[in-house]
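Printed here is run19.tsv (TSV, N, CA and C atoms):
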chain	number	residue	atom	x	y	z
A	1	MET	N	-12.81	-23.78	12.81
A	1	MET	CA	-12.97	-22.37	12.44
A	1	MET	C	-11.93	-21.51	13.13
A	2	ARG	N	-11.64	-21.81	14.37
A	2	ARG	CA	-10.68	-21.02	15.12
A	2	ARG	C	-9.28	-21.12	14.51
A	3	ASN	N	-8.93	-22.30	13.99
A	3	ASN	CA	-7.61	-22.47	13.39
A	3	ASN	C	-7.45	-21.64	12.12
A	4	ARG	N	-8.53	-21.52	11.35
A	4	ARG	CA	-8.46	-20.68	10.15
A	4	ARG	C	-8.22	-19.22	10.52
A	5	PHE	N	-8.92	-18.76	11.55
A	5	PHE	CA	-8.74	-17.38	12.00
A	5	PHE	C	-7.32	-17.17	12.49
A	6	LYS	N	-6.77	-18.14	13.20
A	6	LYS	CA	-5.40	-18.04	13.72
A	6	LYS	C	-4.40	-17.96	12.57
A	7	VAL	N	-4.65	-18.71	11.50
A	7	VAL	CA	-3.75	-18.68	10.34
A	7	VAL	C	-3.76	-17.30	9.69
A	8	LEU	N	-4.92	-16.67	9.63
A	8	LEU	CA	-5.05	-15.35	8.99
A	8	LEU	C	-4.59	-14.21	9.87
A	9	THR	N	-4.45	-14.44	11.17
A	9	THR	CA	-4.09	-13.35	12.08
A	9	THR	C	-2.80	-13.60	12.83
A	10	GLY	N	-2.12	-14.70	12.56
A	10	GLY	CA	-0.86	-14.97	13.23
A	10	GLY	C	0.23	-14.01	12.79
A	11	SER	N	1.31	-13.97	13.54
A	11	SER	CA	2.37	-13.00	13.24
A	11	SER	C	3.01	-13.24	11.88
A	12	ARG	N	3.10	-14.50	11.46
A	12	ARG	CA	3.68	-14.78	10.14
A	12	ARG	C	2.79	-14.22	9.03
A	13	ALA	N	1.49	-14.44	9.14
A	13	ALA	CA	0.55	-13.91	8.14
A	13	ALA	C	0.59	-12.40	8.12
A	14	VAL	N	0.67	-11.78	9.29
A	14	VAL	CA	0.71	-10.32	9.37
A	14	VAL	C	1.99	-9.79	8.73
A	15	LYS	N	3.10	-10.45	8.94
A	15	LYS	CA	4.36	-10.02	8.31
A	15	LYS	C	4.26	-10.10	6.79
A	16	TYR	N	3.67	-11.19	6.29
A	16	TYR	CA	3.49	-11.32	4.84
A	16	TYR	C	2.56	-10.22	4.30
A	17	LEU	N	1.51	-9.95	5.05
A	17	LEU	CA	0.58	-8.89	4.62
A	17	LEU	C	1.25	-7.53	4.61
A	18	LEU	N	2.08	-7.26	5.60
A	18	LEU	CA	2.79	-5.97	5.62
A	18	LEU	C	3.77	-5.87	4.45
A	19	GLY	N	4.45	-6.96	4.14
A	19	GLY	CA	5.33	-6.97	2.96
A	19	GLY	C	4.54	-6.75	1.68
A	20	PHE	N	3.39	-7.39	1.58
A	20	PHE	CA	2.53	-7.22	0.42
A	20	PHE	C	2.03	-5.79	0.33
A	21	LEU	N	1.70	-5.19	1.47
A	21	LEU	CA	1.25	-3.79	1.49
A	21	LEU	C	2.36	-2.87	1.00
A	22	ILE	N	3.58	-3.11	1.43
A	22	ILE	CA	4.70	-2.30	0.95
A	22	ILE	C	4.84	-2.44	-0.57
A	23	LEU	N	4.74	-3.66	-1.08
A	23	LEU	CA	4.81	-3.86	-2.53
A	23	LEU	C	3.69	-3.14	-3.26
A	24	LEU	N	2.50	-3.16	-2.70
A	24	LEU	CA	1.37	-2.47	-3.33
A	24	LEU	C	1.59	-0.96	-3.37
A	25	VAL	N	2.09	-0.39	-2.29
A	25	VAL	CA	2.32	1.06	-2.24
A	25	VAL	C	3.40	1.45	-3.25
A	26	VAL	N	4.46	0.67	-3.32
A	26	VAL	CA	5.53	0.97	-4.27
A	26	VAL	C	5.04	0.77	-5.71
A	27	ALA	N	4.25	-0.28	-5.95
A	27	ALA	CA	3.68	-0.48	-7.28
A	27	ALA	C	2.79	0.69	-7.67
A	28	ASP	N	2.03	1.20	-6.71
A	28	ASP	CA	1.20	2.39	-6.96
A	28	ASP	C	2.07	3.55	-7.40
A	29	GLY	N	3.22	3.73	-6.76
A	29	GLY	CA	4.12	4.81	-7.14
A	29	GLY	C	4.66	4.66	-8.55
A	30	PHE	N	5.10	3.45	-8.89
A	30	PHE	CA	5.63	3.22	-10.24
A	30	PHE	C	4.55	3.39	-11.31
A	31	ILE	N	3.38	2.84	-11.05
A	31	ILE	CA	2.30	2.96	-12.03
A	31	ILE	C	1.87	4.41	-12.17
A	32	THR	N	1.78	5.12	-11.06
A	32	THR	CA	1.41	6.54	-11.10
A	32	THR	C	2.43	7.34	-11.89
A	33	ASN	N	3.73	7.09	-11.65
A	33	ASN	CA	4.76	7.80	-12.41
A	33	ASN	C	4.63	7.52	-13.90
A	34	TYR	N	4.36	6.27	-14.26
A	34	TYR	CA	4.20	5.93	-15.67
A	34	TYR	C	3.00	6.66	-16.27
A	35	LEU	N	1.88	6.62	-15.56
A	35	LEU	CA	0.66	7.27	-16.06
A	35	LEU	C	0.85	8.77	-16.23
A	36	ILE	N	1.53	9.39	-15.29
A	36	ILE	CA	1.74	10.85	-15.36
A	36	ILE	C	2.73	11.20	-16.47
A	37	SER	N	3.81	10.43	-16.58
A	37	SER	CA	4.83	10.76	-17.59
A	37	SER	C	4.31	10.53	-19.01
A	38	HIS	N	3.28	9.72	-19.18
A	38	HIS	CA	2.69	9.48	-20.50
A	38	HIS	C	1.37	10.24	-20.68
A	39	ASN	N	1.10	11.19	-19.80
A	39	ASN	CA	-0.10	12.03	-19.86
A	39	ASN	C	-1.40	11.23	-19.94
A	40	ILE	N	-1.43	10.11	-19.25
A	40	ILE	CA	-2.64	9.29	-19.20
A	40	ILE	C	-3.51	9.71	-18.02
A	41	ALA	N	-2.88	10.16	-16.95
A	41	ALA	CA	-3.62	10.53	-15.74
A	41	ALA	C	-2.86	11.65	-15.03
A	42	HIS	N	-3.44	12.12	-13.94
A	42	HIS	CA	-2.78	13.11	-13.09
A	42	HIS	C	-2.89	12.66	-11.64
A	43	GLU	N	-2.04	13.21	-10.81
A	43	GLU	CA	-2.04	12.85	-9.39
A	43	GLU	C	-3.19	13.54	-8.68
A	44	SER	N	-3.95	12.76	-7.93
A	44	SER	CA	-5.10	13.32	-7.21
A	44	SER	C	-4.75	13.79	-5.81
A	45	ASN	N	-3.62	13.32	-5.29
A	45	ASN	CA	-3.21	13.70	-3.94
A	45	ASN	C	-2.51	15.06	-4.00
A	46	PRO	N	-3.09	16.09	-3.40
A	46	PRO	CA	-2.49	17.43	-3.49
A	46	PRO	C	-1.11	17.52	-2.83
A	47	PHE	N	-0.82	16.63	-1.89
A	47	PHE	CA	0.50	16.65	-1.25
A	47	PHE	C	1.59	16.13	-2.19
A	48	LEU	N	1.21	15.38	-3.20
A	48	LEU	CA	2.17	14.77	-4.12
A	48	LEU	C	2.18	15.41	-5.51
A	49	TRP	N	1.38	16.45	-5.72
A	49	TRP	CA	1.30	17.09	-7.03
A	49	TRP	C	2.66	17.52	-7.55
A	50	ASP	N	3.45	18.14	-6.70
A	50	ASP	CA	4.73	18.71	-7.16
A	50	ASP	C	5.76	17.65	-7.51
A	51	ILE	N	5.69	16.49	-6.87
A	51	ILE	CA	6.72	15.48	-7.11
A	51	ILE	C	6.23	14.33	-7.99
A	52	ALA	N	4.96	14.33	-8.33
A	52	ALA	CA	4.43	13.25	-9.16
A	52	ALA	C	5.11	13.27	-10.53
A	53	GLY	N	5.52	12.11	-10.96
A	53	GLY	CA	6.22	11.99	-12.24
A	53	GLY	C	7.73	12.04	-12.10
A	54	SER	N	8.24	12.22	-10.89
A	54	SER	CA	9.69	12.25	-10.68
A	54	SER	C	10.11	11.06	-9.82
A	55	HIS	N	11.42	10.87	-9.71
A	55	HIS	CA	11.93	9.77	-8.89
A	55	HIS	C	11.66	9.99	-7.41
A	56	TRP	N	11.40	11.22	-7.02
A	56	TRP	CA	11.12	11.51	-5.60
A	56	TRP	C	9.83	10.84	-5.14
A	57	LEU	N	8.89	10.68	-6.04
A	57	LEU	CA	7.64	10.02	-5.67
A	57	LEU	C	7.91	8.58	-5.22
A	58	ILE	N	8.77	7.89	-5.94
A	58	ILE	CA	9.09	6.51	-5.59
A	58	ILE	C	9.81	6.46	-4.24
A	59	ILE	N	10.74	7.36	-4.04
A	59	ILE	CA	11.49	7.39	-2.77
A	59	ILE	C	10.54	7.66	-1.60
A	60	ILE	N	9.64	8.62	-1.76
A	60	ILE	CA	8.69	8.93	-0.70
A	60	ILE	C	7.73	7.76	-0.47
A	61	LYS	N	7.31	7.11	-1.54
A	61	LYS	CA	6.43	5.94	-1.40
A	61	LYS	C	7.12	4.82	-0.64
A	62	ILE	N	8.38	4.54	-0.97
A	62	ILE	CA	9.11	3.46	-0.30
A	62	ILE	C	9.30	3.78	1.18
A	63	VAL	N	9.80	4.97	1.47
A	63	VAL	CA	10.04	5.35	2.87
A	63	VAL	C	8.72	5.38	3.64
A	64	GLY	N	7.70	5.98	3.05
A	64	GLY	CA	6.41	6.06	3.72
A	64	GLY	C	5.79	4.69	3.97
A	65	ALA	N	5.92	3.79	3.01
A	65	ALA	CA	5.35	2.44	3.16
A	65	ALA	C	6.07	1.68	4.26
A	66	VAL	N	7.38	1.79	4.31
A	66	VAL	CA	8.13	1.08	5.35
A	66	VAL	C	7.81	1.64	6.73
A	67	VAL	N	7.74	2.95	6.85
A	67	VAL	CA	7.40	3.56	8.14
A	67	VAL	C	5.99	3.14	8.56
A	68	CYS	N	5.05	3.17	7.65
A	68	CYS	CA	3.68	2.76	7.96
A	68	CYS	C	3.62	1.28	8.35
A	69	ALA	N	4.41	0.45	7.69
A	69	ALA	CA	4.43	-0.97	8.03
A	69	ALA	C	4.93	-1.17	9.46
A	70	PHE	N	5.95	-0.43	9.85
A	70	PHE	CA	6.44	-0.52	11.23
A	70	PHE	C	5.40	-0.04	12.23
A	71	VAL	N	4.70	1.03	11.89
A	71	VAL	CA	3.64	1.53	12.77
A	71	VAL	C	2.52	0.50	12.89
A	72	LEU	N	2.12	-0.08	11.77
A	72	LEU	CA	1.08	-1.09	11.80
A	72	LEU	C	1.52	-2.34	12.57
A	73	TRP	N	2.79	-2.71	12.44
A	73	TRP	CA	3.31	-3.84	13.21
A	73	TRP	C	3.27	-3.54	14.70
A	74	ASP	N	3.62	-2.32	15.08
A	74	ASP	CA	3.57	-1.94	16.49
A	74	ASP	C	2.13	-1.96	17.02
A	75	ILE	N	1.20	-1.47	16.21
A	75	ILE	CA	-0.21	-1.53	16.60
A	75	ILE	C	-0.63	-2.99	16.77
A	76	TYR	N	-0.21	-3.85	15.86
A	76	TYR	CA	-0.54	-5.26	15.93
A	76	TYR	C	0.02	-5.88	17.23
A	77	ARG	N	1.23	-5.52	17.60
A	77	ARG	CA	1.84	-6.10	18.81
A	77	ARG	C	1.10	-5.69	20.07
A	78	HIS	N	0.56	-4.47	20.09
A	78	HIS	CA	-0.11	-3.99	21.30
A	78	HIS	C	-1.61	-4.28	21.31
A	79	TRP	N	-2.25	-4.14	20.18
A	79	TRP	CA	-3.69	-4.38	20.06
A	79	TRP	C	-3.90	-5.26	18.82
A	80	GLN	N	-3.86	-6.56	19.02
A	80	GLN	CA	-3.84	-7.50	17.91
A	80	GLN	C	-5.04	-7.35	16.98
A	81	LYS	N	-6.24	-7.28	17.52
A	81	LYS	CA	-7.43	-7.19	16.65
A	81	LYS	C	-7.43	-5.91	15.84
A	82	LEU	N	-7.11	-4.79	16.49
A	82	LEU	CA	-7.06	-3.51	15.78
A	82	LEU	C	-5.99	-3.55	14.68
A	83	GLY	N	-4.84	-4.13	15.00
A	83	GLY	CA	-3.77	-4.22	14.02
A	83	GLY	C	-4.15	-5.06	12.82
A	84	VAL	N	-4.76	-6.22	13.08
A	84	VAL	CA	-5.15	-7.11	11.98
A	84	VAL	C	-6.20	-6.45	11.10
A	85	ILE	N	-7.21	-5.84	11.71
A	85	ILE	CA	-8.25	-5.17	10.94
A	85	ILE	C	-7.65	-4.03	10.11
A	86	SER	N	-6.78	-3.25	10.70
A	86	SER	CA	-6.15	-2.12	9.99
A	86	SER	C	-5.31	-2.61	8.82
A	87	ILE	N	-4.52	-3.64	9.04
A	87	ILE	CA	-3.64	-4.14	7.98
A	87	ILE	C	-4.46	-4.68	6.82
A	88	TYR	N	-5.47	-5.50	7.12
A	88	TYR	CA	-6.32	-6.03	6.04
A	88	TYR	C	-7.04	-4.90	5.31
A	89	LEU	N	-7.49	-3.89	6.05
A	89	LEU	CA	-8.18	-2.76	5.42
A	89	LEU	C	-7.26	-2.02	4.46
A	90	PHE	N	-6.03	-1.74	4.90
A	90	PHE	CA	-5.09	-1.03	4.03
A	90	PHE	C	-4.71	-1.86	2.81
A	91	VAL	N	-4.57	-3.18	2.97
A	91	VAL	CA	-4.27	-4.04	1.84
A	91	VAL	C	-5.41	-3.97	0.82
A	92	VAL	N	-6.65	-4.04	1.29
A	92	VAL	CA	-7.79	-3.97	0.38
A	92	VAL	C	-7.84	-2.61	-0.32
A	93	VAL	N	-7.62	-1.54	0.44
A	93	VAL	CA	-7.64	-0.19	-0.15
A	93	VAL	C	-6.57	-0.07	-1.24
A	94	TYR	N	-5.37	-0.55	-0.96
A	94	TYR	CA	-4.31	-0.43	-1.97
A	94	TYR	C	-4.50	-1.39	-3.13
A	95	LEU	N	-5.15	-2.52	-2.90
A	95	LEU	CA	-5.51	-3.38	-4.04
A	95	LEU	C	-6.47	-2.65	-4.98
A	96	VAL	N	-7.41	-1.93	-4.41
A	96	VAL	CA	-8.35	-1.16	-5.23
A	96	VAL	C	-7.61	-0.03	-5.97
A	97	ILE	N	-6.73	0.67	-5.28
A	97	ILE	CA	-5.98	1.77	-5.90
A	97	ILE	C	-5.12	1.26	-7.05
A	98	VAL	N	-4.36	0.20	-6.80
A	98	VAL	CA	-3.50	-0.35	-7.84
A	98	VAL	C	-4.34	-0.91	-8.98
A	99	GLY	N	-5.45	-1.56	-8.65
A	99	GLY	CA	-6.36	-2.04	-9.69
A	99	GLY	C	-6.89	-0.91	-10.55
A	100	TRP	N	-7.26	0.18	-9.91
A	100	TRP	CA	-7.75	1.35	-10.64
A	100	TRP	C	-6.66	1.90	-11.55
A	101	ASN	N	-5.45	2.02	-11.01
A	101	ASN	CA	-4.35	2.55	-11.82
A	101	ASN	C	-4.05	1.65	-13.01
A	102	ILE	N	-4.08	0.36	-12.81
A	102	ILE	CA	-3.84	-0.58	-13.91
A	102	ILE	C	-4.95	-0.48	-14.95
A	103	SER	N	-6.18	-0.30	-14.48
A	103	SER	CA	-7.29	-0.16	-15.44
A	103	SER	C	-7.12	1.07	-16.32
A	104	LEU	N	-6.48	2.11	-15.82
A	104	LEU	CA	-6.25	3.31	-16.62
A	104	LEU	C	-5.28	3.03	-17.78
A	105	LEU	N	-4.44	2.04	-17.61
A	105	LEU	CA	-3.51	1.69	-18.69
A	105	LEU	C	-4.23	1.12	-19.91
A	106	PHE	N	-5.41	0.56	-19.68
A	106	PHE	CA	-6.11	-0.12	-20.77
A	106	PHE	C	-7.28	0.69	-21.31
A	107	LEU	N	-7.44	1.91	-20.85
A	107	LEU	CA	-8.53	2.76	-21.38
A	107	LEU	C	-8.13	3.46	-22.64

Translate this structure into structure tokens?
Amino acid sequence: MRNRFKVLTGSRAVKYLLGFLILLVVADGFITNYLISHNIAHESNPFLWDIAGSHWLIIIKIVGAVVCAFVLWDIYRHWQKLGVISIYLFVVVYLVIVGWNISLLFL
């Protein structure tokens, strides 16, 4: 049992999860831009209302995701359990967000 936990919390797994998180955040940006430009949905985040539907949303998503990944990596290096829990939590949250956005494409 301990070996399974080590596989899920080792630095290699955490790096892959952070890369996956970055991909999810960027995918959210692309899907959101598509949904907004085709009048299927609107942006719910008030901080992004003005830029939603433009290329700036993608740029902000990419930069923000990379900065957050570095912050999460730093948290992981100093407080391993907190870092692992946070990273898995954000991955799950963004899986739900991207899943929701994709479901809007089929409504």

Close residues, stretch 51-54 of chain A itself excluded, 7 Å, all atoms listed in the file, min 6 positions apart in chain, as a list in words:
Thr32, Asn33, Tyr34, Ile36, Ser37 and Glu43 of chain A

As an exercise, work out the distance from atom N of A:Asn39 to atom C of A:Gly64 in Å and give it to one decimal place.
25.1 Å

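For the pair atom CA of A:Asn45 and atom CA of A:Leu17, the interatomic distance is 24.5 Å.
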
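Between atom CA of A:Tyr94 and atom CA of A:Val14 lies a distance of 15.9 Å.
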
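Using only N, CA and C atoms, the nearest neighbour of A:Leu57 within the list A:Gly19, A:Gly99, A:Gly83, A:Gly29 is A:Gly29.
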
Could you pull out the alpha helix (DSSP H) residues of chain A, going by DSSP on the backbone, and write them as number ranges by chain?
A: 2-9, 11-37, 55-78, 80-105

Taking into account only C-alpha atoms, which residue in the set A:Val26, A:Ser103, A:Leu82, A:Asp50 is nearest to A:Val66?
A:Val26

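Closest approach to A:Ala13 from the set A:His55, A:Trp100, A:Ile87, A:Leu48 is made by A:Ile87, with distances taken over only C-alpha atoms.
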
Build an axis-aligned box that encloses every atom of stretch 70-83 of chain A listed in the file, pad it by 5 Å on each side, and report its centre and edge lengths in Å to one decimal, as lines of an AutoDock Vina configuration file.
center_x = -0.5
center_y = -3.0
center_z = 15.6
size_x = 23.9
size_y = 19.0
size_z = 21.5

Which residues are close to A:Leu95, i.e. within 8 Å by all atoms listed in the file, leaving aside same-chain residues fewer than 5 positions away? Reply as an MDAnalysis selection string.
chainID A and resid 21 24:25 89:90 100:101

Within 8 Å of A:Val98 using only C-alpha atoms, minus same-chain residues under 5 positions, as a PyMOL selection string:
chain A and resi 24+27-28+31

So that I can see what lies close to stretch 72-75 of chain A, please list as a VMD selection string the residues with an atom at most 8 Å from it, counting all atoms listed in the file and leaving out residues fewer than 2 positions away in the same chain.
chain A and resid 14 to 15 18 66 to 70 77 to 84 86 to 87
